[in-house]
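Enquirer: For reference, this is structure.cif, and it has mmCIF, C-alpha atoms (C1' of nucleotides).
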```
data_model
#
loop_
_atom_site.label_atom_id
_atom_site.label_comp_id
_atom_site.auth_asym_id
_atom_site.auth_seq_id
_atom_site.Cartn_x
_atom_site.Cartn_y
_atom_site.Cartn_z
CA MET A 310 -21.20 -21.46 -16.10
CA HIS A 311 -24.27 -23.48 -15.22
CA GLU A 312 -25.93 -20.19 -14.31
CA ALA A 313 -27.03 -19.64 -17.90
CA LEU A 314 -28.83 -22.96 -17.89
CA PHE A 315 -30.52 -22.25 -14.56
CA LYS A 316 -31.78 -18.97 -15.93
CA TYR A 317 -33.02 -20.74 -19.02
CA LEU A 318 -34.80 -23.35 -16.93
CA ASP A 319 -36.45 -20.82 -14.64
CA LYS A 320 -37.67 -18.98 -17.67
CA HIS A 321 -39.33 -22.00 -19.19
CA ILE A 322 -40.80 -23.90 -16.26
CA ALA A 323 -43.70 -23.15 -13.94
CA SER A 324 -42.02 -22.98 -10.52
CA PRO A 325 -38.41 -21.98 -9.78
CA LEU A 326 -35.76 -24.59 -9.00
CA SER A 327 -34.68 -25.29 -5.44
CA GLU A 328 -31.00 -25.40 -4.50
CA LYS A 329 -31.24 -29.16 -4.44
CA ASP A 330 -32.73 -29.24 -7.93
CA ARG A 331 -29.94 -27.06 -9.21
CA GLU A 332 -27.45 -29.46 -7.80
CA LEU A 333 -29.07 -32.30 -9.77
CA VAL A 334 -28.95 -30.28 -12.95
CA LYS A 335 -25.38 -29.24 -12.34
CA ASN A 336 -24.30 -32.84 -11.92
CA ALA A 337 -25.98 -33.93 -15.12
CA PHE A 338 -24.40 -31.29 -17.37
CA SER A 339 -20.64 -31.11 -17.97
CA PRO A 340 -19.15 -27.88 -19.26
CA MET A 341 -16.91 -27.91 -22.32
CA LYS A 342 -15.14 -25.30 -24.39
CA ILE A 343 -15.07 -25.67 -28.13
CA ARG A 344 -12.87 -23.43 -30.20
CA ARG A 345 -13.85 -22.04 -33.58
CA ARG A 346 -13.64 -24.69 -36.35
CA GLN A 347 -13.32 -27.46 -33.78
CA TYR A 348 -15.64 -30.44 -34.24
CA PHE A 349 -18.23 -31.36 -31.70
CA LEU A 350 -19.50 -34.28 -33.81
CA ASN A 351 -18.25 -35.94 -36.97
CA GLN A 352 -20.19 -37.79 -39.61
CA GLY A 353 -20.19 -41.49 -38.71
CA GLU A 354 -19.74 -40.96 -34.99
CA VAL A 355 -22.42 -41.58 -32.40
CA CYS A 356 -23.67 -38.35 -30.86
CA LYS A 357 -23.02 -39.05 -27.20
CA TYR A 358 -23.98 -35.61 -25.93
CA TYR A 359 -26.63 -33.05 -26.49
CA ALA A 360 -25.31 -29.54 -25.99
CA PHE A 361 -26.80 -26.41 -24.51
CA ILE A 362 -24.94 -23.39 -25.84
CA VAL A 363 -23.97 -20.93 -23.09
CA THR A 364 -21.95 -18.67 -25.37
CA GLY A 365 -20.84 -18.94 -28.96
CA ALA A 366 -22.32 -20.16 -32.23
CA MET A 367 -22.46 -23.60 -33.76
CA ARG A 368 -23.59 -25.24 -36.94
CA GLN A 369 -24.79 -28.68 -37.95
CA TYR A 370 -24.51 -29.87 -41.53
CA MET A 371 -24.37 -32.86 -43.77
CA VAL A 372 -21.74 -33.35 -46.45
CA ASP A 373 -22.92 -34.76 -49.78
CA GLU A 374 -20.99 -37.05 -52.17
CA LYS A 375 -19.48 -34.06 -53.97
CA GLY A 376 -18.22 -32.61 -50.71
CA GLY A 377 -20.84 -29.88 -50.56
CA GLU A 378 -21.98 -28.79 -47.11
CA HIS A 379 -25.68 -28.46 -46.35
CA ILE A 380 -26.46 -26.63 -43.12
CA VAL A 381 -29.41 -28.20 -41.34
CA HIS A 382 -29.25 -26.36 -38.03
CA LEU A 383 -27.69 -23.28 -36.50
CA GLY A 384 -27.46 -22.38 -32.85
CA ILE A 385 -26.29 -19.53 -30.66
CA GLU A 386 -26.68 -18.71 -26.96
CA ASN A 387 -29.59 -20.57 -25.35
CA TRP A 388 -30.00 -22.96 -28.24
CA TRP A 389 -29.51 -26.70 -28.21
CA VAL A 390 -27.47 -28.70 -30.70
CA GLY A 391 -26.96 -32.38 -31.29
CA ASP A 392 -28.17 -35.12 -33.59
CA ARG A 393 -31.31 -36.35 -31.92
CA GLU A 394 -31.52 -39.50 -33.97
CA SER A 395 -27.99 -40.60 -33.20
CA TRP A 396 -28.27 -39.52 -29.59
CA VAL A 397 -31.42 -41.57 -29.05
CA MET A 398 -30.72 -44.58 -31.25
CA LEU A 399 -26.96 -44.65 -30.74
CA SER A 400 -26.66 -44.86 -34.51
CA PRO A 401 -23.80 -43.31 -36.49
CA SER A 402 -24.65 -39.72 -37.29
CA ALA A 403 -25.13 -38.37 -40.79
CA TYR A 404 -24.07 -34.92 -39.61
CA CYS A 405 -21.10 -32.85 -38.63
CA ILE A 406 -21.37 -30.29 -35.89
CA ASP A 407 -18.68 -27.71 -35.31
CA ALA A 408 -18.19 -24.40 -33.59
CA TRP A 409 -18.49 -21.33 -35.78
CA GLU A 410 -17.36 -19.11 -32.93
CA ASP A 411 -15.44 -20.08 -29.81
CA SER A 412 -18.17 -21.60 -27.68
CA GLU A 413 -18.97 -22.74 -24.18
CA VAL A 414 -21.48 -25.54 -23.96
CA LEU A 415 -23.06 -27.79 -21.36
CA LEU A 416 -23.22 -31.45 -22.28
CA ILE A 417 -25.64 -34.13 -21.23
CA THR A 418 -25.83 -37.80 -22.19
CA ARG A 419 -28.99 -39.59 -23.11
CA SER A 420 -28.96 -41.71 -19.97
CA ASP A 421 -28.41 -38.72 -17.70
CA THR A 422 -31.32 -37.06 -19.43
CA VAL A 423 -33.58 -40.00 -18.68
CA LYS A 424 -32.37 -40.06 -15.08
CA LEU A 425 -32.86 -36.33 -14.63
CA MET A 426 -36.35 -36.52 -16.05
CA GLN A 427 -37.25 -39.03 -13.36
CA GLU A 428 -35.65 -37.11 -10.53
CA LEU A 429 -36.87 -33.71 -11.60
CA PRO A 430 -40.36 -33.32 -13.07
CA ALA A 431 -39.53 -29.75 -14.03
CA PHE A 432 -36.87 -31.04 -16.37
CA SER A 433 -39.35 -33.37 -17.96
CA GLU A 434 -41.66 -30.43 -18.32
CA LEU A 435 -38.92 -28.41 -20.02
CA LEU A 436 -38.09 -31.15 -22.48
CA HIS A 437 -41.71 -31.61 -23.35
CA PHE A 438 -42.01 -27.92 -24.00
CA LEU A 439 -38.86 -27.90 -26.13
CA ASP A 440 -40.02 -30.88 -28.14
CA GLU A 441 -43.31 -29.23 -28.78
CA ARG A 442 -41.67 -26.00 -29.89
CA ASN A 443 -39.23 -27.92 -32.00
CA ASN A 444 -41.96 -29.82 -33.74
CA ILE A 445 -43.78 -26.63 -34.53
CA ALA A 446 -40.63 -24.98 -35.85
CA ALA A 447 -39.73 -28.03 -37.92
CA GLN A 448 -43.21 -28.13 -39.42
CA LYS A 449 -42.88 -24.50 -40.41
CA ARG A 450 -39.53 -25.08 -42.01
CA ILE A 451 -40.87 -28.03 -43.98
CA THR A 452 -43.89 -26.06 -45.11
CA SER A 453 -41.70 -23.19 -46.17
CA SER A 454 -39.28 -25.39 -48.06
CA ILE A 455 -41.92 -27.19 -50.08
CA SER A 456 -44.22 -24.28 -50.78
CA LEU A 457 -42.26 -21.03 -50.92
CA THR A 458 -39.78 -19.54 -53.35
CA ALA A 459 -36.22 -18.92 -52.23
CA GLU A 460 -36.99 -15.23 -51.95
CA LYS A 461 -39.87 -15.75 -49.54
CA ARG A 462 -37.96 -18.28 -47.52
CA TYR A 463 -35.26 -15.70 -47.02
CA ALA A 464 -37.78 -13.03 -46.10
CA ASP A 465 -39.26 -15.37 -43.48
CA PHE A 466 -35.83 -16.19 -42.20
CA ILE A 467 -34.97 -12.54 -41.63
CA ILE A 468 -38.09 -12.12 -39.56
CA SER A 469 -37.80 -15.28 -37.52
CA HIS A 470 -34.03 -15.30 -37.02
CA PRO A 471 -32.73 -11.72 -37.15
CA ASP A 472 -29.97 -12.60 -34.67
CA PHE A 473 -28.51 -15.26 -36.97
CA LEU A 474 -27.89 -12.65 -39.66
CA GLN A 475 -25.41 -10.94 -37.34
CA ARG A 476 -23.59 -14.12 -36.43
CA PHE A 477 -23.28 -16.18 -39.59
CA PRO A 478 -22.03 -15.21 -43.04
CA GLN A 479 -24.40 -15.20 -45.99
CA ARG A 480 -23.10 -18.39 -47.52
CA ILE A 481 -24.13 -20.23 -44.37
CA ILE A 482 -27.57 -18.65 -44.31
CA ALA A 483 -27.93 -19.59 -47.97
CA SER A 484 -27.06 -23.18 -47.27
CA TYR A 485 -29.50 -23.25 -44.36
CA LEU A 486 -32.19 -22.10 -46.77
CA GLY A 487 -31.24 -24.76 -49.29
CA ILE A 488 -29.88 -22.37 -51.92
CA THR A 489 -26.42 -21.34 -53.10
CA LYS A 490 -24.60 -18.23 -51.94
CA GLU A 491 -24.84 -16.76 -55.45
CA THR A 492 -28.61 -17.13 -55.50
CA LEU A 493 -28.92 -15.53 -52.09
CA SER A 494 -26.72 -12.67 -53.21
CA ARG A 495 -29.00 -12.07 -56.19
CA ILE A 496 -32.12 -12.30 -54.09
CA ARG A 497 -30.78 -9.67 -51.74
CA LYS A 498 -29.97 -7.41 -54.66
CA GLN A 499 -33.49 -7.83 -56.00
CA SER A 500 -35.04 -7.11 -52.62
CA LEU A 501 -33.13 -3.84 -52.31
CA LYS A 502 -34.88 -2.46 -55.39
CA LYS A 503 -38.25 -2.73 -53.73
CA MET K 957 -63.36 -48.46 -31.87
CA HIS K 958 -61.02 -47.43 -29.09
CA GLU K 959 -59.47 -50.88 -29.38
CA ALA K 960 -57.09 -49.74 -32.10
CA LEU K 961 -55.76 -47.02 -29.80
CA PHE K 962 -55.34 -49.43 -26.89
CA LYS K 963 -53.34 -51.72 -29.12
CA TYR K 964 -51.25 -48.80 -30.27
CA LEU K 965 -50.63 -47.73 -26.70
CA ASP K 966 -49.67 -51.20 -25.52
CA LYS K 967 -47.25 -51.45 -28.38
CA HIS K 968 -45.46 -48.23 -27.52
CA ILE K 969 -45.35 -48.15 -23.75
CA ALA K 970 -43.45 -50.21 -21.23
CA SER K 971 -46.24 -51.87 -19.20
CA PRO K 972 -49.76 -52.74 -20.38
CA LEU K 973 -52.74 -50.59 -19.46
CA SER K 974 -55.10 -51.62 -16.67
CA GLU K 975 -58.87 -51.64 -17.20
CA LYS K 976 -59.04 -48.42 -15.22
CA ASP K 977 -56.41 -46.80 -17.42
CA ARG K 978 -58.31 -47.81 -20.51
CA GLU K 979 -61.37 -46.15 -19.13
CA LEU K 980 -59.45 -42.90 -18.73
CA VAL K 981 -58.20 -43.09 -22.28
CA LYS K 982 -61.63 -43.95 -23.57
CA ASN K 983 -63.14 -40.91 -21.90
CA ALA K 984 -60.53 -38.57 -23.30
CA PHE K 985 -60.90 -39.63 -26.94
CA SER K 986 -64.14 -39.13 -28.86
CA PRO K 987 -64.76 -41.16 -32.00
CA MET K 988 -65.70 -39.43 -35.21
CA LYS K 989 -66.35 -40.49 -38.77
CA ILE K 990 -65.07 -38.34 -41.59
CA ARG K 991 -66.13 -39.06 -45.10
CA ARG K 992 -63.86 -38.70 -48.12
CA ARG K 993 -63.32 -35.03 -49.08
CA GLN K 994 -64.83 -33.85 -45.83
CA TYR K 995 -62.82 -31.27 -43.92
CA PHE K 996 -61.42 -31.97 -40.51
CA LEU K 997 -59.78 -28.55 -40.31
CA ASN K 998 -59.98 -25.43 -42.44
CA GLN K 999 -57.42 -22.72 -42.96
CA GLY K 1000 -58.10 -19.96 -40.45
CA GLU K 1001 -59.81 -22.18 -37.90
CA VAL K 1002 -58.34 -23.16 -34.57
CA CYS K 1003 -57.40 -26.84 -34.48
CA LYS K 1004 -59.40 -27.96 -31.46
CA TYR K 1005 -58.63 -31.66 -31.78
CA TYR K 1006 -55.71 -33.85 -32.52
CA ALA K 1007 -56.76 -37.01 -34.31
CA PHE K 1008 -55.61 -40.60 -34.12
CA ILE K 1009 -56.52 -42.39 -37.32
CA VAL K 1010 -58.18 -45.76 -36.69
CA THR K 1011 -59.01 -46.42 -40.33
CA GLY K 1012 -58.75 -44.33 -43.45
CA ALA K 1013 -56.33 -41.81 -44.92
CA MET K 1014 -55.99 -38.08 -44.40
CA ARG K 1015 -53.94 -35.21 -45.72
CA GLN K 1016 -52.82 -31.86 -44.41
CA TYR K 1017 -51.89 -29.07 -46.78
CA MET K 1018 -51.51 -25.35 -47.16
CA VAL K 1019 -53.05 -23.36 -49.99
CA ASP K 1020 -50.90 -20.62 -51.53
CA GLU K 1021 -52.07 -17.29 -53.00
CA LYS K 1022 -52.50 -18.86 -56.43
CA GLY K 1023 -54.71 -21.58 -55.01
CA GLY K 1024 -52.07 -24.29 -55.27
CA GLU K 1025 -52.12 -27.01 -52.65
CA HIS K 1026 -48.94 -28.03 -50.88
CA ILE K 1027 -49.19 -31.26 -48.92
CA VAL K 1028 -47.25 -31.07 -45.68
CA HIS K 1029 -48.42 -34.26 -44.00
CA LEU K 1030 -50.11 -37.54 -44.84
CA GLY K 1031 -51.54 -40.07 -42.47
CA ILE K 1032 -53.15 -43.51 -42.55
CA GLU K 1033 -54.04 -46.06 -39.86
CA ASN K 1034 -52.12 -45.52 -36.60
CA TRP K 1035 -50.92 -42.08 -37.60
CA TRP K 1036 -51.77 -38.81 -35.94
CA VAL K 1037 -52.95 -35.66 -37.69
CA GLY K 1038 -53.58 -32.13 -36.54
CA ASP K 1039 -51.92 -28.74 -36.60
CA ARG K 1040 -49.73 -28.80 -33.54
CA GLU K 1041 -49.10 -25.07 -33.56
CA SER K 1042 -52.77 -24.15 -33.68
CA TRP K 1043 -53.72 -26.90 -31.24
CA VAL K 1044 -51.19 -25.70 -28.67
CA MET K 1045 -51.34 -21.94 -29.21
CA LEU K 1046 -55.03 -21.76 -30.12
CA SER K 1047 -53.95 -19.71 -33.12
CA PRO K 1048 -55.74 -19.81 -36.48
CA SER K 1049 -54.29 -22.60 -38.55
CA ALA K 1050 -52.45 -22.11 -41.83
CA TYR K 1051 -53.51 -25.57 -42.94
CA CYS K 1052 -56.42 -27.56 -44.25
CA ILE K 1053 -56.90 -31.15 -43.21
CA ASP K 1054 -59.33 -33.42 -44.99
CA ALA K 1055 -60.07 -37.08 -45.42
CA TRP K 1056 -58.69 -38.70 -48.54
CA GLU K 1057 -60.57 -41.90 -47.76
CA ASP K 1058 -63.56 -42.40 -45.50
CA SER K 1059 -61.97 -42.38 -42.10
CA GLU K 1060 -62.62 -43.20 -38.47
CA VAL K 1061 -60.65 -41.11 -36.03
CA LEU K 1062 -60.36 -40.59 -32.30
CA LEU K 1063 -60.23 -36.97 -31.19
CA ILE K 1064 -58.64 -35.40 -28.18
CA THR K 1065 -58.48 -31.77 -27.10
CA ARG K 1066 -55.39 -30.07 -25.81
CA SER K 1067 -56.79 -29.75 -22.29
CA ASP K 1068 -57.82 -33.40 -22.13
CA THR K 1069 -54.33 -34.28 -23.27
CA VAL K 1070 -52.80 -32.31 -20.43
CA LYS K 1071 -55.22 -33.89 -17.98
CA LEU K 1072 -54.57 -37.40 -19.25
CA MET K 1073 -50.83 -36.88 -19.04
CA GLN K 1074 -51.23 -36.10 -15.35
CA GLU K 1075 -53.55 -38.99 -14.62
CA LEU K 1076 -51.69 -41.53 -16.67
CA PRO K 1077 -47.88 -41.49 -16.77
CA ALA K 1078 -47.93 -44.04 -19.57
CA PHE K 1079 -49.70 -41.53 -21.77
CA SER K 1080 -47.03 -38.96 -20.99
CA GLU K 1081 -44.48 -41.56 -21.91
CA LEU K 1082 -46.20 -42.23 -25.20
CA LEU K 1083 -46.34 -38.56 -26.13
CA HIS K 1084 -42.71 -38.09 -25.32
CA PHE K 1085 -41.85 -41.01 -27.51
CA LEU K 1086 -43.99 -39.67 -30.34
CA ASP K 1087 -42.48 -36.21 -30.08
CA GLU K 1088 -39.04 -37.67 -30.20
CA ARG K 1089 -39.84 -39.76 -33.24
CA ASN K 1090 -41.53 -36.83 -34.87
CA ASN K 1091 -38.54 -34.60 -34.35
CA ILE K 1092 -36.26 -37.17 -35.87
CA ALA K 1093 -38.53 -37.62 -38.87
CA ALA K 1094 -38.92 -33.87 -39.35
CA GLN K 1095 -35.16 -33.40 -39.24
CA LYS K 1096 -34.75 -36.04 -41.91
CA ARG K 1097 -37.33 -34.43 -44.11
CA ILE K 1098 -35.66 -31.03 -43.75
CA THR K 1099 -32.25 -32.48 -44.53
CA SER K 1100 -33.62 -34.25 -47.55
CA SER K 1101 -35.41 -31.18 -48.85
CA ILE K 1102 -32.41 -28.89 -48.64
CA SER K 1103 -29.73 -31.30 -49.78
CA LEU K 1104 -31.17 -33.86 -52.17
CA THR K 1105 -32.45 -33.70 -55.73
CA ALA K 1106 -36.10 -34.44 -56.42
CA GLU K 1107 -35.12 -37.86 -57.73
CA LYS K 1108 -33.35 -38.87 -54.52
CA ARG K 1109 -36.10 -37.46 -52.38
CA TYR K 1110 -38.55 -39.70 -54.20
CA ALA K 1111 -36.26 -42.70 -53.87
CA ASP K 1112 -36.06 -42.09 -50.12
CA PHE K 1113 -39.80 -41.68 -49.93
CA ILE K 1114 -40.43 -45.04 -51.56
CA ILE K 1115 -38.22 -46.71 -48.99
CA SER K 1116 -39.56 -44.94 -45.93
CA HIS K 1117 -43.26 -44.82 -46.87
CA PRO K 1118 -44.05 -47.71 -49.18
CA ASP K 1119 -47.57 -47.91 -47.79
CA PHE K 1120 -48.36 -44.35 -48.85
CA LEU K 1121 -47.72 -45.22 -52.48
CA GLN K 1122 -50.67 -47.60 -52.35
CA ARG K 1123 -53.01 -45.12 -50.74
CA PHE K 1124 -52.36 -41.75 -52.35
CA PRO K 1125 -52.17 -40.79 -56.03
CA GLN K 1126 -48.93 -39.56 -57.52
CA ARG K 1127 -49.90 -35.93 -57.63
CA ILE K 1128 -50.25 -35.97 -53.85
CA ILE K 1129 -46.93 -37.72 -53.36
CA ALA K 1130 -45.36 -35.16 -55.68
CA SER K 1131 -46.79 -32.30 -53.68
CA TYR K 1132 -45.58 -33.90 -50.46
CA LEU K 1133 -42.09 -33.98 -51.97
CA GLY K 1134 -42.34 -30.35 -53.02
CA ILE K 1135 -42.44 -31.01 -56.76
CA THR K 1136 -45.13 -30.99 -59.44
CA LYS K 1137 -46.93 -34.07 -60.68
CA GLU K 1138 -45.30 -33.64 -64.10
CA THR K 1139 -41.83 -33.64 -62.62
CA LEU K 1140 -42.59 -36.75 -60.60
CA SER K 1141 -43.95 -38.46 -63.68
CA ARG K 1142 -40.69 -37.72 -65.51
CA ILE K 1143 -38.57 -38.84 -62.60
CA ARG K 1144 -40.39 -42.15 -62.52
CA LYS K 1145 -39.86 -42.60 -66.22
CA GLN K 1146 -36.15 -41.90 -65.83
CA SER K 1147 -35.84 -44.34 -62.96
CA LEU K 1148 -37.40 -47.13 -65.00
CA LYS K 1149 -34.53 -46.96 -67.48
CA LYS K 1150 -32.01 -47.90 -64.80
"C1'" DT I 545 4.81 -5.08 -46.41
"C1'" DA I 546 3.38 -8.81 -49.17
"C1'" DA I 547 0.91 -12.94 -49.66
"C1'" DC I 548 -3.17 -15.28 -48.46
"C1'" DT I 549 -7.69 -16.51 -47.25
"C1'" DG I 550 -12.69 -16.01 -46.79
"C1'" DA I 551 -16.70 -13.43 -48.04
"C1'" DG I 552 -19.56 -11.38 -51.25
"C1'" DT I 553 -20.72 -10.03 -56.05
"C1'" DT I 554 -21.36 -10.46 -60.94
"C1'" DG I 555 -21.67 -12.49 -65.64
"C1'" DA I 556 -22.18 -16.35 -68.80
"C1'" DT I 557 -24.06 -20.58 -69.20
"C1'" DA I 558 -26.10 -25.17 -67.88
"C1'" DT I 559 -29.40 -27.79 -65.42
"C1'" DT I 560 -33.43 -28.52 -62.95
"C1'" DT I 561 -37.96 -27.79 -62.31
"C1'" DG I 562 -42.39 -25.39 -63.31
"C1'" DT I 563 -46.16 -24.03 -66.42
"C1'" DC I 564 -49.46 -24.72 -69.83
"C1'" DA I 565 -51.91 -27.37 -73.03
"C1'" DA I 566 -53.23 -31.60 -75.01
"C1'" DC I 567 -54.32 -36.40 -74.84
"C1'" DG I 568 -55.68 -41.27 -73.38
"C1'" DT I 569 -57.28 -43.85 -69.54
"C1'" DT I 570 -59.58 -44.94 -65.57
"C1'" DT I 571 -62.87 -43.86 -61.98
"C1'" DT I 572 -66.80 -41.65 -60.28
"C1'" DT I 573 -71.16 -39.54 -60.78
"C1'" DT I 574 -75.48 -38.91 -62.87
"C1'" DA F 564 -74.92 -46.34 -70.26
"C1'" DA F 565 -73.50 -41.71 -70.77
"C1'" DA F 566 -71.25 -37.83 -68.96
"C1'" DA F 567 -68.07 -35.86 -66.02
"C1'" DA F 568 -64.15 -35.70 -63.26
"C1'" DA F 569 -59.66 -37.26 -61.76
"C1'" DC F 570 -55.32 -39.20 -62.92
"C1'" DG F 571 -51.13 -39.83 -65.28
"C1'" DT F 572 -48.29 -38.82 -69.32
"C1'" DT F 573 -46.04 -36.10 -72.82
"C1'" DG F 574 -44.26 -32.06 -75.45
"C1'" DA F 575 -42.93 -27.26 -75.94
"C1'" DC F 576 -41.48 -23.62 -73.58
"C1'" DA F 577 -40.48 -20.52 -69.48
"C1'" DA F 578 -38.67 -19.59 -65.04
"C1'" DA F 579 -35.85 -20.57 -61.13
"C1'" DT F 580 -31.73 -22.00 -59.52
"C1'" DA F 581 -27.05 -24.08 -59.92
"C1'" DT F 582 -22.48 -24.03 -61.69
"C1'" DC F 583 -18.18 -22.12 -62.94
"C1'" DA F 584 -15.02 -18.49 -63.31
"C1'" DA F 585 -13.49 -14.05 -62.45
"C1'" DC F 586 -13.12 -10.18 -59.59
"C1'" DT F 587 -13.19 -6.94 -55.43
"C1'" DC F 588 -12.69 -6.10 -50.81
"C1'" DA F 589 -11.69 -6.93 -46.19
"C1'" DG F 590 -9.19 -9.18 -42.57
"C1'" DT F 591 -5.51 -12.35 -41.36
"C1'" DT F 592 -1.17 -14.43 -41.75
"C1'" DA F 593 3.59 -14.86 -42.97
#
```
Let me see the file written as structure tokens.
Expert:
Amino acid sequence: MHEALFKYLDKHIASPLSEKDRELVKNAFSPMKIRRRQYFLNQGEVCKYYAFIVTGAMRQYMVDEKGGEHIVHLGIENWWVGDRESWVMLSPSAYCIDAWEDSEVLLITRSDTVKLMQELPAFSELLHFLDERNNIAAQKRITSSISLTAEKRYADFIISHPDFLQRFPQRIIASYLGITKETLSRIRKQSLKK
Amino acid sequence: MHEALFKYLDKHIASPLSEKDRELVKNAFSPMKIRRRQYFLNQGEVCKYYAFIVTGAMRQYMVDEKGGEHIVHLGIENWWVGDRESWVMLSPSAYCIDAWEDSEVLLITRSDTVKLMQELPAFSELLHFLDERNNIAAQKRITSSISLTAEKRYADFIISHPDFLQRFPQRIIASYLGITKETLSRIRKQSLKK
DNA sequence: TAACTGAGTTGATATTTGTCAACGTTTTTT
DNA sequence: AAAAAACGTTGACAAATATCAACTCAGTTA
């Protein structure tokens, strides 16, 4: 099961991992199965683990006072999920994370991450790369949310995340875009005409 | 002028910099003065430098087809500005960055950053810390923009960036929040009643 | 098979926010 | 000091989006 992570690592770092390196990685990440609808993190809990998704699909969302869910992050194979703030600061999380499909994940704690970064420069390198990519993606999402209409945000989404369309229902995509399912439905209808 | 950066570094890293380290940092960062309204980056250009603001205030924004400006980032003393995507990928930037007040900044190229990270682990440490903090802040901003009303977003803004209120006019704050200056004006009026 | 649940659509209506124009005030420029 | 520009506010109206309710159509459960 760690194979998927090794592949992912080899793909993103300069030189391939030795057997010894793999052993270090393997020891740092614990496998876990999460069944559909099962929670990985609940609002108010501290996020002890960051998760690498080997198979499956997960979602992260906040619940407002009226009980409405607002999806802030989606992940499928080869994506990471967790609440970075809670994981780093050990603060209670504002988010829920659950499995949308039966999933297999690899978990790592904050302290094991720090340790692994010291033991394995390639891991440090990977995290730096991921952080950089994440920052860029987050900036794009912010830009899109403050400057584009719902219609354009959806058009962008289709282009940048075509795989998500196959895995998550429309109401979840809508929430991810910050609109209601009805609005998304109407936008799609409009777009068909063109 | 590099003093401000040394102070910033010492504040954010574990052990203080040696004289030799400071020399390395000093060589990597070039000082520059930018006068109010002067551009640091123009849409379509490659962002060659990331900037540490020593004094002054800057803004980063995108311009839509209708010529409207959408502020995506604001920075004052001890903040960083630049288009990460363009700076890393050498791609043409979608953003403009200009000085809102006369500013003094310290500039570093991508390649000098990579070099400095190798020569000076403390600098690597700093960047990792900044990336982490940036990711957390970006996540919060995304969450707020998809799940809160304009009124709550402004309330949050006041709490998290009280210093910006002193330095930027309301229309810029409004744009940063993804609303118009008129809407912000009305929100403020409403809030006064309570 | 029948009941049930979740997903998507549609219509009617309400709310939020944007647009445009006007105005007073302050700040900057000449 | 005069003129110009930028800022914030307000009103009337328009557009975008949310809300609520009803309905269809699977797929799942009992």
Enquirer: Mind telling me what the PyMOL selection byres ((chain F) within 12 of (chain K)) catches here, as an mmCIF file with C-alpha atoms (C1' of nucleotides), in the coordinates of the input?
Expert:
```cif
data_model
loop_
_atom_site.group_PDB
_atom_site.id
_atom_site.type_symbol
_atom_site.label_atom_id
_atom_site.label_comp_id
_atom_site.auth_asym_id
_atom_site.auth_seq_id
_atom_site.Cartn_x
_atom_site.Cartn_y
_atom_site.Cartn_z
ATOM 1 C "C1'" DA F 569 -59.660 -37.260 -61.760
ATOM 2 C "C1'" DC F 570 -55.320 -39.200 -62.920
ATOM 3 C "C1'" DG F 571 -51.130 -39.830 -65.280
ATOM 4 C "C1'" DT F 572 -48.290 -38.820 -69.320
ATOM 5 C "C1'" DT F 573 -46.040 -36.100 -72.820
ATOM 6 C "C1'" DG F 574 -44.260 -32.060 -75.450
ATOM 7 C "C1'" DA F 581 -27.050 -24.080 -59.920
#
```
Enquirer: Write down, as a VMD selection string, each residue of chain K that has any atom within 8 Å of an atom of chain I, counting only C-alpha atoms (C1' of nucleotides).
Expert: chain K and resid 1135 to 1136 1139
Enquirer: Given the selection you just returned, output its residues as a file containing C-alpha atoms, formatted as a CSV table (one decimal), in the frame of the given file.
Expert:
```csv
chain,number,residue,atom,x,y,z
K,1135,ILE,CA,-42.4,-31.0,-56.8
K,1136,THR,CA,-45.1,-31.0,-59.4
K,1139,THR,CA,-41.8,-33.6,-62.6
```
Enquirer: With the file shown as input, list the residues that the PyMOL selection byres ((chain A) within 9 of (chain K)) selects, as a short mmCIF file (atom, residue, chain, number, x, y, z; two decimals) with C-alpha atoms, keeping the file's coordinate frame.
Expert:
```cif
data_model
loop_
_atom_site.label_atom_id
_atom_site.label_comp_id
_atom_site.auth_asym_id
_atom_site.auth_seq_id
_atom_site.Cartn_x
_atom_site.Cartn_y
_atom_site.Cartn_z
CA TYR A 370 -24.51 -29.87 -41.53
CA MET A 371 -24.37 -32.86 -43.77
CA VAL A 372 -21.74 -33.35 -46.45
CA ASP A 373 -22.92 -34.76 -49.78
CA GLU A 378 -21.98 -28.79 -47.11
CA HIS A 379 -25.68 -28.46 -46.35
CA ILE A 380 -26.46 -26.63 -43.12
CA VAL A 381 -29.41 -28.20 -41.34
CA ASP A 392 -28.17 -35.12 -33.59
CA ARG A 393 -31.31 -36.35 -31.92
CA GLU A 394 -31.52 -39.50 -33.97
CA VAL A 397 -31.42 -41.57 -29.05
CA LEU A 436 -38.09 -31.15 -22.48
CA HIS A 437 -41.71 -31.61 -23.35
CA ASP A 440 -40.02 -30.88 -28.14
CA GLU A 441 -43.31 -29.23 -28.78
CA ARG A 442 -41.67 -26.00 -29.89
CA ASN A 443 -39.23 -27.92 -32.00
CA ASN A 444 -41.96 -29.82 -33.74
CA ILE A 445 -43.78 -26.63 -34.53
CA ALA A 446 -40.63 -24.98 -35.85
CA ALA A 447 -39.73 -28.03 -37.92
CA GLN A 448 -43.21 -28.13 -39.42
CA ARG A 450 -39.53 -25.08 -42.01
CA ILE A 451 -40.87 -28.03 -43.98
CA THR A 452 -43.89 -26.06 -45.11
CA SER A 454 -39.28 -25.39 -48.06
CA ILE A 455 -41.92 -27.19 -50.08
CA SER A 456 -44.22 -24.28 -50.78
CA LEU A 457 -42.26 -21.03 -50.92
CA SER A 484 -27.06 -23.18 -47.27
CA TYR A 485 -29.50 -23.25 -44.36
CA LEU A 486 -32.19 -22.10 -46.77
CA GLY A 487 -31.24 -24.76 -49.29
CA ILE A 488 -29.88 -22.37 -51.92
#
```
